[in-house]
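Below is model.cif, which holds mmCIF, C-alpha atoms and all ligand atoms.
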```
data_final
loop_
_atom_site.label_atom_id
_atom_site.label_comp_id
_atom_site.auth_asym_id
_atom_site.auth_seq_id
_atom_site.Cartn_x
_atom_site.Cartn_y
_atom_site.Cartn_z
CA MET A 25 91.65 198.90 61.51
CA ASP A 26 93.13 202.41 61.46
CA ILE A 27 96.89 202.93 61.66
CA ASP A 28 98.84 206.17 61.80
CA PHE A 29 102.53 206.16 61.04
CA ARG A 30 105.40 208.61 61.09
CA CYS A 31 108.88 207.46 60.07
CA THR A 32 111.42 208.30 62.77
CA GLU A 33 114.31 207.87 60.31
CA CYS A 34 115.89 205.39 62.70
CA GLY A 35 117.24 203.41 59.73
CA ASP A 36 116.38 200.04 61.26
CA CYS A 37 114.65 198.90 58.07
CA CYS A 38 118.00 199.37 56.31
CA ARG A 39 120.05 196.98 58.41
CA GLY A 40 120.01 193.52 59.90
CA PHE A 41 117.88 191.62 57.40
CA ARG A 42 117.67 190.56 53.77
CA LEU A 43 116.05 193.01 51.38
CA PRO A 44 113.92 191.21 48.75
CA LEU A 45 114.67 192.38 45.21
CA SER A 46 112.99 191.92 41.85
CA ILE A 47 115.21 190.59 39.08
CA GLU A 48 115.55 194.08 37.64
CA GLU A 49 116.45 195.51 41.06
CA ALA A 50 118.93 192.69 41.68
CA LEU A 51 120.73 193.47 38.44
CA SER A 52 120.92 197.13 39.40
CA TRP A 53 122.17 196.14 42.86
CA LEU A 54 124.88 193.99 41.28
CA HIS A 55 125.88 196.78 38.90
CA ASP A 56 126.43 198.96 41.97
CA GLY A 57 128.95 196.40 43.20
CA ASN A 58 126.81 194.90 45.94
CA PRO A 59 126.10 191.19 46.51
CA VAL A 60 122.79 189.48 45.87
CA GLU A 61 121.77 186.18 47.39
CA VAL A 62 119.54 183.52 45.87
CA LEU A 63 117.23 182.14 48.54
CA CYS A 64 115.17 179.01 48.21
CA GLU A 65 112.39 177.79 50.48
CA ALA A 66 110.14 174.73 50.30
CA ILE A 67 106.69 174.87 51.86
CA PRO A 68 104.70 171.69 52.60
CA TRP A 69 101.51 171.99 50.53
CA VAL A 70 99.44 168.99 51.49
CA ASP A 71 96.03 170.60 51.00
CA GLU A 72 95.24 173.42 48.63
CA PRO A 73 94.33 176.35 50.93
CA PRO A 74 91.14 178.30 50.16
CA LEU A 75 91.43 181.43 48.02
CA THR A 76 90.42 183.45 51.07
CA ASN A 77 93.76 182.52 52.66
CA PHE A 78 95.62 185.56 51.31
CA VAL A 79 99.02 184.61 52.69
CA ALA A 80 98.75 181.20 51.00
CA THR A 81 97.55 182.84 47.78
CA PHE A 82 100.52 185.20 47.87
CA LYS A 83 102.90 182.25 48.34
CA ARG A 84 101.19 180.16 45.66
CA GLU A 85 101.53 182.89 43.06
CA ARG A 86 105.24 183.28 43.72
CA SER A 87 106.12 179.58 43.78
CA PHE A 88 106.17 176.40 41.74
CA SER A 89 104.90 173.01 42.78
CA GLY A 90 106.99 169.91 43.39
CA MET A 91 107.21 166.72 45.37
CA SER A 92 109.61 165.91 48.17
CA GLY A 93 109.25 162.18 48.25
CA ALA A 94 105.55 161.72 48.85
CA LEU A 95 105.12 165.24 50.26
CA PRO A 96 103.59 167.87 47.96
CA ILE A 97 105.50 171.12 48.31
CA ARG A 98 105.70 174.57 46.76
CA VAL A 99 109.10 176.16 46.28
CA ILE A 100 109.73 179.91 46.43
CA VAL A 101 112.92 181.35 44.96
CA THR A 102 113.82 184.88 46.06
CA LEU A 103 116.62 187.30 45.26
CA ALA A 104 117.72 189.35 48.24
CA ALA A 105 120.36 191.83 49.31
CA PRO A 106 122.02 190.95 52.63
CA LEU A 107 122.00 194.19 54.59
CA GLY A 108 124.11 193.01 57.51
CA SER A 109 125.05 195.83 59.84
CA GLY A 110 123.81 198.37 57.29
CA CYS A 111 122.73 198.69 53.68
CA PRO A 112 125.63 199.79 51.48
CA ASN A 113 123.39 202.67 50.38
CA LEU A 114 122.74 203.93 53.91
CA SER A 115 124.61 207.11 54.78
CA THR A 116 125.96 207.80 58.25
CA ASP A 117 122.99 210.10 58.93
CA ASN A 118 120.51 207.34 58.00
CA GLN A 119 119.68 208.74 54.57
CA CYS A 120 119.32 206.57 51.47
CA LYS A 121 122.00 207.37 48.91
CA ILE A 122 119.92 205.91 46.07
CA TYR A 123 116.60 207.31 47.27
CA GLU A 124 115.24 208.06 43.79
CA ARG A 125 115.85 204.50 42.59
CA ARG A 126 115.55 202.54 45.83
CA PRO A 127 113.92 199.08 45.57
CA ARG A 128 110.16 198.64 45.85
CA THR A 129 110.41 197.09 49.32
CA CYS A 130 112.08 200.28 50.56
CA ARG A 131 109.42 202.41 48.89
CA THR A 132 106.52 200.57 50.48
CA TYR A 133 107.93 199.85 53.95
CA PRO A 134 106.36 199.36 56.47
CA ALA A 135 103.41 198.25 54.31
CA GLU A 136 103.04 194.51 53.87
CA ALA A 137 104.00 192.73 50.65
CA SER A 138 100.35 192.41 49.69
CA ARG A 139 97.55 194.77 50.65
CA LEU A 140 95.54 191.65 51.49
CA ILE A 141 97.98 190.60 54.23
CA GLU A 142 97.25 192.15 57.59
CA LEU A 143 99.76 194.74 58.70
CA VAL A 144 100.93 194.03 62.26
CA PRO A 145 102.98 197.01 63.49
CA GLN A 146 104.81 194.87 66.08
CA SER A 147 106.16 192.67 63.26
CA ARG A 148 107.82 195.62 61.52
CA ARG A 149 111.17 197.12 62.46
CA CYS A 150 109.83 200.58 63.22
CA PRO A 151 109.97 201.70 66.88
CA PRO A 152 106.75 202.14 68.90
CA GLU A 153 106.88 205.93 68.58
CA ALA A 154 106.49 205.59 64.79
CA TRP A 155 102.98 204.17 65.31
CA GLN A 156 101.53 206.82 67.58
CA PRO A 157 98.11 208.30 66.74
CA GLY A 158 98.50 211.67 65.07
CA GLY A 159 101.09 210.52 62.54
CA GLN A 160 100.35 210.26 58.84
CA PRO A 161 97.31 208.08 58.08
CA LEU A 162 98.77 204.79 56.80
CA MET A 163 95.69 202.60 57.02
CA ARG A 164 91.99 203.35 57.32
CA GLN A 165 89.48 200.56 57.91
CA GLY A 166 92.09 197.98 56.91
CA THR A 167 93.01 199.68 53.62
CA TYR A 168 96.24 201.52 52.90
CA VAL A 169 95.79 205.23 52.46
CA GLY A 170 96.88 206.87 49.25
CA SER A 171 96.61 205.71 45.66
CA LYS A 172 100.38 205.97 45.23
CA LEU A 173 101.12 203.56 48.09
CA ILE A 174 98.38 201.16 46.99
CA ALA A 175 99.74 201.19 43.43
CA LEU A 176 103.31 200.60 44.68
CA VAL A 177 102.27 197.65 46.86
CA GLN A 178 100.34 196.16 43.94
CA ASP A 179 103.24 196.76 41.57
CA LYS A 180 105.61 195.00 43.98
CA LEU A 181 103.30 192.01 44.20
CA THR A 182 102.79 191.89 40.43
CA GLN A 183 106.53 192.08 39.85
CA SER A 184 107.28 189.24 42.27
CA VAL A 185 104.65 187.06 40.56
CA ASN A 186 106.00 187.97 37.11
CA ASP A 187 109.54 187.14 38.20
CA ALA A 188 108.60 183.72 39.56
CA PRO A 189 109.00 181.70 36.31
CA LEU A 190 112.45 183.16 35.59
CA LEU A 191 113.54 182.57 39.17
CA SER A 192 112.36 178.99 38.83
CA SER A 193 114.55 178.74 35.70
CA LEU A 194 117.45 180.16 37.67
CA ARG A 195 116.94 177.48 40.29
CA GLN A 196 116.88 174.86 37.56
CA ALA A 197 120.00 176.29 35.89
CA LEU A 198 121.76 176.18 39.25
CA GLY A 199 120.80 172.52 39.51
CA VAL A 200 119.29 173.08 42.92
CA HIS A 201 116.99 170.24 43.87
CA ARG A 202 117.28 170.44 47.62
CA THR A 203 116.56 173.23 50.01
CA ALA A 204 115.45 173.94 53.53
CA LEU A 205 111.88 173.31 54.47
CA SER A 206 109.92 176.49 55.24
CA ASN A 207 113.08 178.39 55.83
CA GLU A 208 115.60 180.21 53.77
CA VAL A 209 119.06 179.11 52.71
CA ALA A 210 121.60 181.29 50.96
CA LEU A 211 122.62 179.48 47.80
CA GLY A 212 125.28 181.88 46.66
CA GLN A 213 126.52 185.42 46.46
CA TYR A 214 127.22 187.19 43.21
CA GLY A 215 129.50 190.14 42.67
CA ALA A 216 129.02 193.06 40.30
CA LYS A 217 130.88 191.43 37.45
CA CYS A 218 128.26 188.69 37.42
CA ALA A 219 125.47 191.10 36.53
CA ARG A 220 126.27 190.78 32.84
CA ARG A 221 126.19 186.99 33.09
CA LEU A 222 122.78 187.10 34.72
CA GLU A 223 121.55 189.46 32.02
CA SER A 224 123.00 187.51 29.11
CA GLY A 225 121.69 184.06 29.96
CA LEU A 226 120.97 182.23 33.12
CA THR A 227 122.59 178.97 32.11
CA HIS A 228 126.17 179.94 31.31
CA CYS A 229 127.69 181.40 34.41
CA PRO A 230 130.86 179.47 35.29
CA ILE A 231 130.63 180.23 39.00
CA TRP A 232 127.18 178.74 39.42
CA PRO A 233 128.40 175.28 40.34
CA PHE A 234 130.61 176.89 42.98
CA ALA A 235 127.75 179.05 44.20
CA ARG A 236 125.56 176.00 44.42
CA LEU A 237 128.15 174.04 46.32
CA SER A 238 128.94 176.84 48.72
CA GLY A 239 125.26 177.38 49.31
CA CYS A 240 124.47 173.73 49.70
CA THR A 241 126.95 173.34 52.51
CA LYS A 242 125.23 176.12 54.39
CA GLY A 243 122.33 174.76 56.33
CA LEU A 244 120.88 172.36 53.80
CA THR A 245 118.44 170.23 55.69
CA ALA A 246 115.30 169.11 54.05
CA ASP A 247 114.10 168.45 50.59
CA THR A 248 114.49 166.98 47.17
CA PHE A 249 112.13 168.12 44.47
S1 LIG B 301 118.32 201.03 49.39
FE1 LIG B 301 118.08 202.85 50.69
S2 LIG B 301 116.07 202.65 51.66
FE2 LIG B 301 116.65 200.64 50.84
S3 LIG B 301 117.63 199.51 52.52
FE3 LIG B 301 119.24 200.57 51.37
S4 LIG B 301 119.53 202.56 52.37
FE4 LIG B 301 117.55 201.72 53.06
S1 LIG B 302 112.35 201.27 60.54
FE1 LIG B 302 110.42 202.41 60.22
S2 LIG B 302 110.71 204.28 61.41
FE2 LIG B 302 112.75 203.42 61.12
S3 LIG B 302 113.53 204.38 59.22
FE3 LIG B 302 112.53 202.45 58.62
S4 LIG B 302 110.43 203.06 58.06
FE4 LIG B 302 111.30 204.73 59.29
#
```
In C-alpha cells, how does this file's structure come out?
Amino acid sequence: MDIDFRCTECGDCCRGFRLPLSIEEALSWLHDGNPVEVLCEAIPWVDEPPLTNFVATFKRERSFSGMSGALPIRVIVTLAAPLGSGCPNLSTDNQCKIYERRPRTCRTYPAEASRLIELVPQSRRCPPEAWQPGGQPLMRQGTYVGSKLIALVQDKLTQSVNDAPLLSSLRQALGVHRTALSNEVALGQYGAKCARRLESGLTHCPIWPFARLSGCTKGLTADTF
C-alpha cells in the first residue's frame, strides 16, 4: 500500500481525545502544570493469539496477565493527557508551543503506534485533503517512508513496552483491582505538584486513595483481577 500525506495544520490531532504519554513525558506534562490521567483497560484473553496477530502482540507486550473470575484477561495501564477542546500547548494559530519537546505520539502522528499495525487513513483525525496523492510519501508498499519516522515509531513502541512494568506497579500501588472491560476508565487526575511524588516513589502519594475512589465511581463496570 502506498500513502501520500500532507499535514493541513488543522490541529484536529491536538484536541478532542486523550494523548498517550510515556512515564517520562507524563512527568514533563505534570511539571508544565497540566493534568495526566491513569487509564486502565482489561482485555479478555481466552486464547493466546498467534504471533502474526500484530495488534494482539502489541497489546500483549504492553500488558500484564490476570484472571477475572474464571476469565483470563490482560490489563493495559496507560498514562494520557486529556486534550479536551484543545491541548494546553496548542496556540490559537494551531502551532505547538512545545514543538521541540512534544510527546512521541505527536511526533509520529498520523503513523500507527506500531509499524506492524495497518495504517487506515479514515481512522485518523486528518481531513481527506491531507491524504491526496502528490503529498509527501508517508508509506510505500506498506512500509513507512524515512528512517527517522521508522525509528521514532519503534522508539515509541519500545518505550511503551519498557514502561509497562512500572505502570503495572502504579496500578498495584493505587490498589486498583477492578476496571472496565476492553474500554478505558479515568482513574484519577494529577496536578503539577504531584510530579515530584510520582518521581520520588509510586507508593507514597497521599492523594492516591482519593484518585482511586474518584476514578472508581466513574464508569467502573467489569472486572476484578
Ligand atoms: S503537545 Fe503540541 S503537537 Fe502534541 S497535542 Fe499538544 S499542541 Fe499538539
Ligand atoms: S490532524 Fe492531521 S492534518 Fe490535522 S494537524 Fe494533525 S497531523 Fe496535520
Near-Cys150 (chain A) list (9 Å; all atoms listed in the file; drop same-chain fewer than 3 positions) as a PDB file with C-alpha atoms, in the coordinates of the input:
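Generated output (out_22.pdb):
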```pdb
ATOM      1  CA  CYS A  31     108.880 207.460  60.070  1.00  0.00           C
ATOM      2  CA  THR A  32     111.420 208.300  62.770  1.00  0.00           C
ATOM      3  CA  CYS A  34     115.890 205.390  62.700  1.00  0.00           C
ATOM      4  CA  GLY A  35     117.240 203.410  59.730  1.00  0.00           C
ATOM      5  CA  ASP A  36     116.380 200.040  61.260  1.00  0.00           C
ATOM      6  CA  CYS A  37     114.650 198.900  58.070  1.00  0.00           C
ATOM      7  CA  PRO A 134     106.360 199.360  56.470  1.00  0.00           C
ATOM      8  CA  PRO A 145     102.980 197.010  63.490  1.00  0.00           C
ATOM      9  CA  GLN A 146     104.810 194.870  66.080  1.00  0.00           C
ATOM     10  CA  SER A 147     106.160 192.670  63.260  1.00  0.00           C
ATOM     11  CA  GLU A 153     106.880 205.930  68.580  1.00  0.00           C
ATOM     12  CA  ALA A 154     106.490 205.590  64.790  1.00  0.00           C
ATOM     13  CA  TRP A 155     102.980 204.170  65.310  1.00  0.00           C
TER      14      TRP A 155
END
```
Would you name the residues within 12 Å of ligand LIG 301 (chain B), counting only C-alpha atoms and all ligand atoms, and put them as number ranges by chain? A: 33-45, 49-50, 52-53, 56, 58, 104-134
Measuring between only C-alpha atoms, which one of A:His201, A:Val79, A:Arg30, A:His55 shows the shortest distance to Met91 (chain A)?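 Distance minimum relative to Met91 (chain A) lands on A:His201.
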I'd like to know which of A:Ser87, A:Asn77, A:Gln156, A:Ser46 is closest to ligand LIG 302 (chain B), using all atoms listed in the file.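 Selected residue with least distance to ligand LIG 302 (chain B): A:Gln156.
Note that CA of Ala135 (chain A) and atom S4 of ligand LIG 302 (chain B) are 9.3 Å apart.
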Which of A:Pro68, A:Pro151, A:Pro96, A:Pro59 sits closest to ligand LIG 302 (chain B) [using all atoms listed in the file]: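 Among the listed residues, A:Pro151 lies closest to ligand LIG 302 (chain B).
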Determine, counting only C-alpha atoms, which protein, DNA and RNA residues have an atom within 10 Å of an atom of Lys83 (chain A); residues of the same chain fewer than 4 positions away are not included. Present the result as a PDB file with C-alpha atoms, keeping the file's coordinate frame.
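Result file is part.pdb:
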```pdb
ATOM      1  CA  ILE A  67     106.690 174.870  51.860  1.00  0.00           C
ATOM      2  CA  PHE A  78      95.620 185.560  51.310  1.00  0.00           C
ATOM      3  CA  VAL A  79      99.020 184.610  52.690  1.00  0.00           C
ATOM      4  CA  SER A  87     106.120 179.580  43.780  1.00  0.00           C
ATOM      5  CA  PHE A  88     106.170 176.400  41.740  1.00  0.00           C
ATOM      6  CA  ARG A  98     105.700 174.570  46.760  1.00  0.00           C
ATOM      7  CA  VAL A  99     109.100 176.160  46.280  1.00  0.00           C
ATOM      8  CA  ILE A 100     109.730 179.910  46.430  1.00  0.00           C
ATOM      9  CA  VAL A 185     104.650 187.060  40.560  1.00  0.00           C
TER      10      VAL A 185
END
```
For ligand LIG 302 (chain B), which residue among A:Val62, A:Leu75, A:Leu162, A:Leu176 is the nearest when counting only C-alpha atoms and all ligand atoms?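 Distance minimum relative to ligand LIG 302 (chain B) lands on A:Leu162.
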Nearest residue to ligand LIG 302 (chain B) out of A:Leu54, A:Pro152, A:Ser138, A:Arg84, using all atoms listed in the file?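 With all atoms listed in the file as the atom set, the closest residue is A:Pro152.
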Measure the distance from CA of Pro161 (chain A) to CA of Phe29 (chain A) in Å and round it to one decimal.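 Answer for the CA of Pro161 (chain A) to CA of Phe29 (chain A) separation: 6.3 Å.
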If I take CA of Met25 (chain A) and CA of Arg164 (chain A), how far is one from the other in Å, to one decimal? 6.1 Å
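Ranking A:Leu63, A:Ala137, A:Ala197, A:Leu143 by their shortest atom-to-atom distance to Val177 (chain A), with all atoms listed in the file included, puts A:Ala137 first.
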